Amino acid sequence: MAKGKINVSVENIFPLIKKFLYSDHEIFLRELISNATDATLKLKHLSTIGEAKVDYGDPKIEVKIDKEGKKLHIIDQGVGMSKEEVEKYINEVAFSGAEEFLEKYKDTAKDSGIIGHFGLGFYSAFMVAEKVEIITKSYVDEESAVHWTCDGSPEFALTEADKKDRGTEIILHIAEDSTEFLEEHRIRELLVKYNKFMPVPIKFGTKEIDDPEFEPKTIKDKDGKETKEPHKKITVDNIINNPNPAWTKQPSDLKDEDYSSFYRELYPMQFEEPLFNIHLNVDYPFNLTGILYFPKLTTNIDIQKDRIQLYQNQVFVTDNVEGIVPEFLQMLRGVIDSPDIPLNVSRSYLQADGAVKKISSYITKKVADKLQSLFKNDREGFEKKWNDIKIVIEYGMLSEPKFYEKAFKFALFPTVDDSYFTFDELIEKVKPAQTDKDKNIVLLYATNADEQHSYIEEAKEKGYEVLLLDSPIVSHLIQKIEGENSELSAEKQPIKFARVDSDFIDNLIKKDEDKVSKLTEEEQTKLKEIVEGVVPKEYTVQLEALDSNANPFVITIPEFMRRMKEMS
Ligand code: ADP
Ligand code: MG
């Protein structure tokens with residue numbers, strides 16, 4: 001048997017990286033800002049543990065466009081790199097300095113928020129640049145600054161530089177086919193999309209604001225009228241991100257207003273308040289934080305818009321959470337952030353991944369628990385929200401067995417008179433009156449209160465409860481509930497749902513065993529004959545005892561006859 005080694009030469013692999021590393025060229029900026037963030041967080045960590053004797057200060061990352069020079073600059077004040085480090089981390093493709101750092105400081109740095117992972121991010125710069133420069137100075141004093149230049153071929157130049165302050169400047173010479181990345185609006189769009197909640201402040205240009213120190217005096221204009229003098233403007237850094245988004249904080253530190261203002265930060269175009277939120281926070285057996293919001297779902301909601309956003313260490317990854325969040329919860333909004341979701345892999349792999357499965361069931365459980373506690377602690381409020389949330393809950397009960405089990409205790413069944421019962425309450429209520437010959441408990445429901453008005457009235461007159469079940473998937477849910485309750489223990493009765501305008505209503509035995517008529521057999525037959533004499537031939541007349549004290553008889557006409565009559 002021959003054995004050999006596959007020889008991967010950089011000449012071959014470089015164009016491949018450029019073309020196929022990421023299908024989306026725009027993510028180069030996310031990658032470079034992630035590296036700048038990592039460099040800053042590393043320095044923060046090293047100075048916290050006393051290994052770097054530096055004035056950490058208030059570092060930020062700056063993004064600058066030089067339109068004439070066709071260059072894009074990304075500048076940080078992080079750890080920087082020595083000559084040896086450039087050789088090791090940059091010249092070795094697929095060697096991740098981030099991973100090495102986490103490995104080296106694994107006891108203390110696991111919560112440092114370091115993003116890098118695969119050691120490929122930096123090279124995504126070549127998807128949009130024909131030449132890339134790195135000017136970098138390590139935080140270690142004795143190291144001198146270095147200048148690395150590479151035009152995308154495997155050759156690079158490495159020289160000394162005269163950079164004074166620590167940190168790294170990356171200069172991209174934007175390629176002819178990528179000049180969109182020299183446009184201010186395009187870069188701003190990318191910064192807002194990917195970096196809006198990254199942990200280090202990101203400066204992009206400056207802006208004018210009212211000077212907060214300045215107090216306008218009252219002055220007289222030329223006609224002697226009193227006015228305030230114009231506000232003084234000052235120029236400040238335009239910081240595009242919020243480094244401390246709500247989901248990274250402790251739930252106990254947040255008020256209701258904080259949750260709703262974060263909602264607006266996430267979805268600036270959403271003016272409707274969410275109904276409630278669920279703060280996710282777990283660090284074992286996987287790491288996950290986030291906030292999910294229940295929006296009002298009654299209005300024609302566009303579920304393709306304003307979807308749940310997935311982050312990894314505060315870097316936006318995608319708003320397609322298929323496979324990570326169970327389908328029925330994809331109608332919610334909000335963010336989830338987890339470093340434990342494998343990203344550069346296909347969706348079908350994701351669905352099979354153990355960690356992802358656990359994440360998905362954790363989210364389901366948290367949502368069920370939150371609903372349960374809302375139901376328990378504020379039943380009235382829960383009832384008011386029911387119509388806005390029922391679609392999600394009913395859909396969840398249909399699609400996730402675990403959720404069904406939990407939700408069965410708080411799912412509500414509204415009646416046409418606006419009373420809300422849980423399933424168990426409902427059964428208790430209707431059991432005495434709504435049992436049929438085969439001992440099924442029959443739950444009557446309407447799907448449209450207006451169209452089925454007369455049937456509803458009739459059923460109510462007979463003392464039956466009529467539910468109003470009008471959501472589009474309720475018929476499936478009914479089937480499921482009937483199925484779940486068909487094989488019950490001897491003392492429990494099976495459940496049947498019946499539409500209020502179906503024949504079913506006639507099968508209900510309302511009378512108890514002891515409701516025996518006061519009339520004798522003979523009298524009853526006589527009475528029946530008399531009644532039959534006065535109603536039209538096609539009607540079948542039945543005599544039924546109602547109860548032993550009140551009216552001795554009612555005359556019932558079969559449902560189908562009644563309907564025929566209605567039609568003629
Ligand atoms: P990863 O971030 O996954 O480790 P990258 O290809 O993005 O891989 O970067 C490779 C390495 O280069 C980083 O791990 C880091 O050591 C170094 N590096 C990249 N950018 C910077 C920077 N701005 N400051 C300091 N080091 C950097
Ligand atoms: Mg990186």
# chains A, B, ... in the order shown; residues from 1 in each chain; ligands from 1
$ residues_near_ligand --ligand "ligand 2" --cutoff "6 Å" --atoms "only C-alpha atoms and all ligand atoms" --output "list in words"
Glu31, Ser34, Asn35, Gly116, Gly121 and Phe122 of chain A
$ select_by_dssp --residues "stretch 261-455 of chain A" --states "strand (DSSP E or B)" --output "PyMOL selection string"
chain A and resi 276-282+288-294+309-312+315-318+322+325+333-337+412-415+420-422+435-436+441-446
$ write_last_selection --atoms "C-alpha atoms" --output "short mmCIF file (atom, residue, chain, number, x, y, z; two decimals), in the first residue's frame"
data_model
loop_
_atom_site.label_atom_id
_atom_site.label_comp_id
_atom_site.auth_asym_id
_atom_site.auth_seq_id
_atom_site.Cartn_x
_atom_site.Cartn_y
_atom_site.Cartn_z
CA PHE A 276 -43.66 40.56 26.62
CA ASN A 277 -40.10 39.34 26.54
CA ILE A 278 -38.07 36.35 27.61
CA HIS A 279 -34.50 36.86 28.77
CA LEU A 280 -32.32 33.84 27.97
CA ASN A 281 -29.24 33.27 30.06
CA VAL A 282 -27.45 29.96 30.39
CA LEU A 288 -26.33 31.25 25.35
CA THR A 289 -27.76 34.67 26.09
CA GLY A 290 -30.47 36.60 24.39
CA ILE A 291 -33.83 38.28 24.60
CA LEU A 292 -36.87 37.08 22.72
CA TYR A 293 -39.94 39.22 22.24
CA PHE A 294 -43.50 38.16 21.54
CA GLN A 309 -31.01 37.83 14.93
CA LEU A 310 -28.22 35.43 15.72
CA TYR A 311 -24.99 36.80 17.22
CA GLN A 312 -21.74 35.28 18.27
CA VAL A 315 -21.03 39.96 16.23
CA PHE A 316 -24.04 39.67 13.97
CA VAL A 317 -24.07 36.40 12.08
CA THR A 318 -27.45 35.96 10.45
CA GLU A 322 -33.67 27.96 10.95
CA VAL A 325 -34.74 28.13 16.97
CA ARG A 333 -38.36 38.66 17.46
CA GLY A 334 -35.18 39.44 19.35
CA VAL A 335 -31.60 38.20 19.55
CA ILE A 336 -29.76 35.11 20.61
CA ASP A 337 -26.02 35.10 21.15
CA LEU A 412 -56.83 28.80 26.75
CA PHE A 413 -60.16 27.95 25.20
CA PRO A 414 -62.27 31.08 24.88
CA THR A 415 -66.04 30.85 24.73
CA TYR A 420 -61.41 31.77 29.01
CA PHE A 421 -60.99 28.21 30.26
CA THR A 422 -58.01 25.94 30.42
CA THR A 435 -71.89 13.93 27.45
CA ASP A 436 -73.19 11.87 24.57
CA ILE A 441 -67.48 14.54 26.59
CA VAL A 442 -68.53 16.80 23.76
CA LEU A 443 -67.01 20.24 23.37
CA LEU A 444 -69.04 22.47 21.11
CA TYR A 445 -67.23 25.17 19.21
CA ALA A 446 -67.90 27.85 16.67
#
$ closest_residue --among "A:Lys429, A:Lys110, A:Lys71, A:Arg166" --to "ligand 1" --atoms "only C-alpha atoms and all ligand atoms"
A:Arg166
$ residues_near_ligand --ligand "ligand 1" --cutoff "9 Å" --atoms "only C-alpha atoms and all ligand atoms" --output "JSON, numbers by chain"
{"A": [31, 32, 33, 34, 35, 36, 37, 38, 39, 40, 42, 74, 75, 76, 77, 78, 79, 80, 81, 85, 86, 88, 89, 90, 91, 92, 93, 94, 95, 96, 97, 98, 99, 100, 101, 114, 115, 116, 117, 118, 119, 120, 121, 122, 123, 124, 134, 136, 137, 138, 167, 168, 169, 170]}
$ residues_around --residues "A:Asp66" --least-positions-apart "6" --cutoff "9 Å" --atoms "only C-alpha atoms" --output "ChimeraX atom specification"
/A:72-73,182
$ write_last_selection --atoms "N, CA and C atoms" --output "PDB file, in the first residue's frame"
ATOM      1  N   LEU A  72      -9.329  51.782   2.349  1.00  0.00           N
ATOM      2  CA  LEU A  72     -10.176  51.673   3.532  1.00  0.00           C
ATOM      3  C   LEU A  72      -9.262  51.310   4.706  1.00  0.00           C
ATOM      4  N   HIS A  73      -9.364  52.092   5.795  1.00  0.00           N
ATOM      5  CA  HIS A  73      -8.488  51.861   6.945  1.00  0.00           C
ATOM      6  C   HIS A  73      -9.294  51.326   8.115  1.00  0.00           C
ATOM      7  N   LEU A 182     -16.011  51.797  -1.010  1.00  0.00           N
ATOM      8  CA  LEU A 182     -15.439  53.123  -0.754  1.00  0.00           C
ATOM      9  C   LEU A 182     -16.570  54.132  -0.536  1.00  0.00           C
TER      10      LEU A 182
END
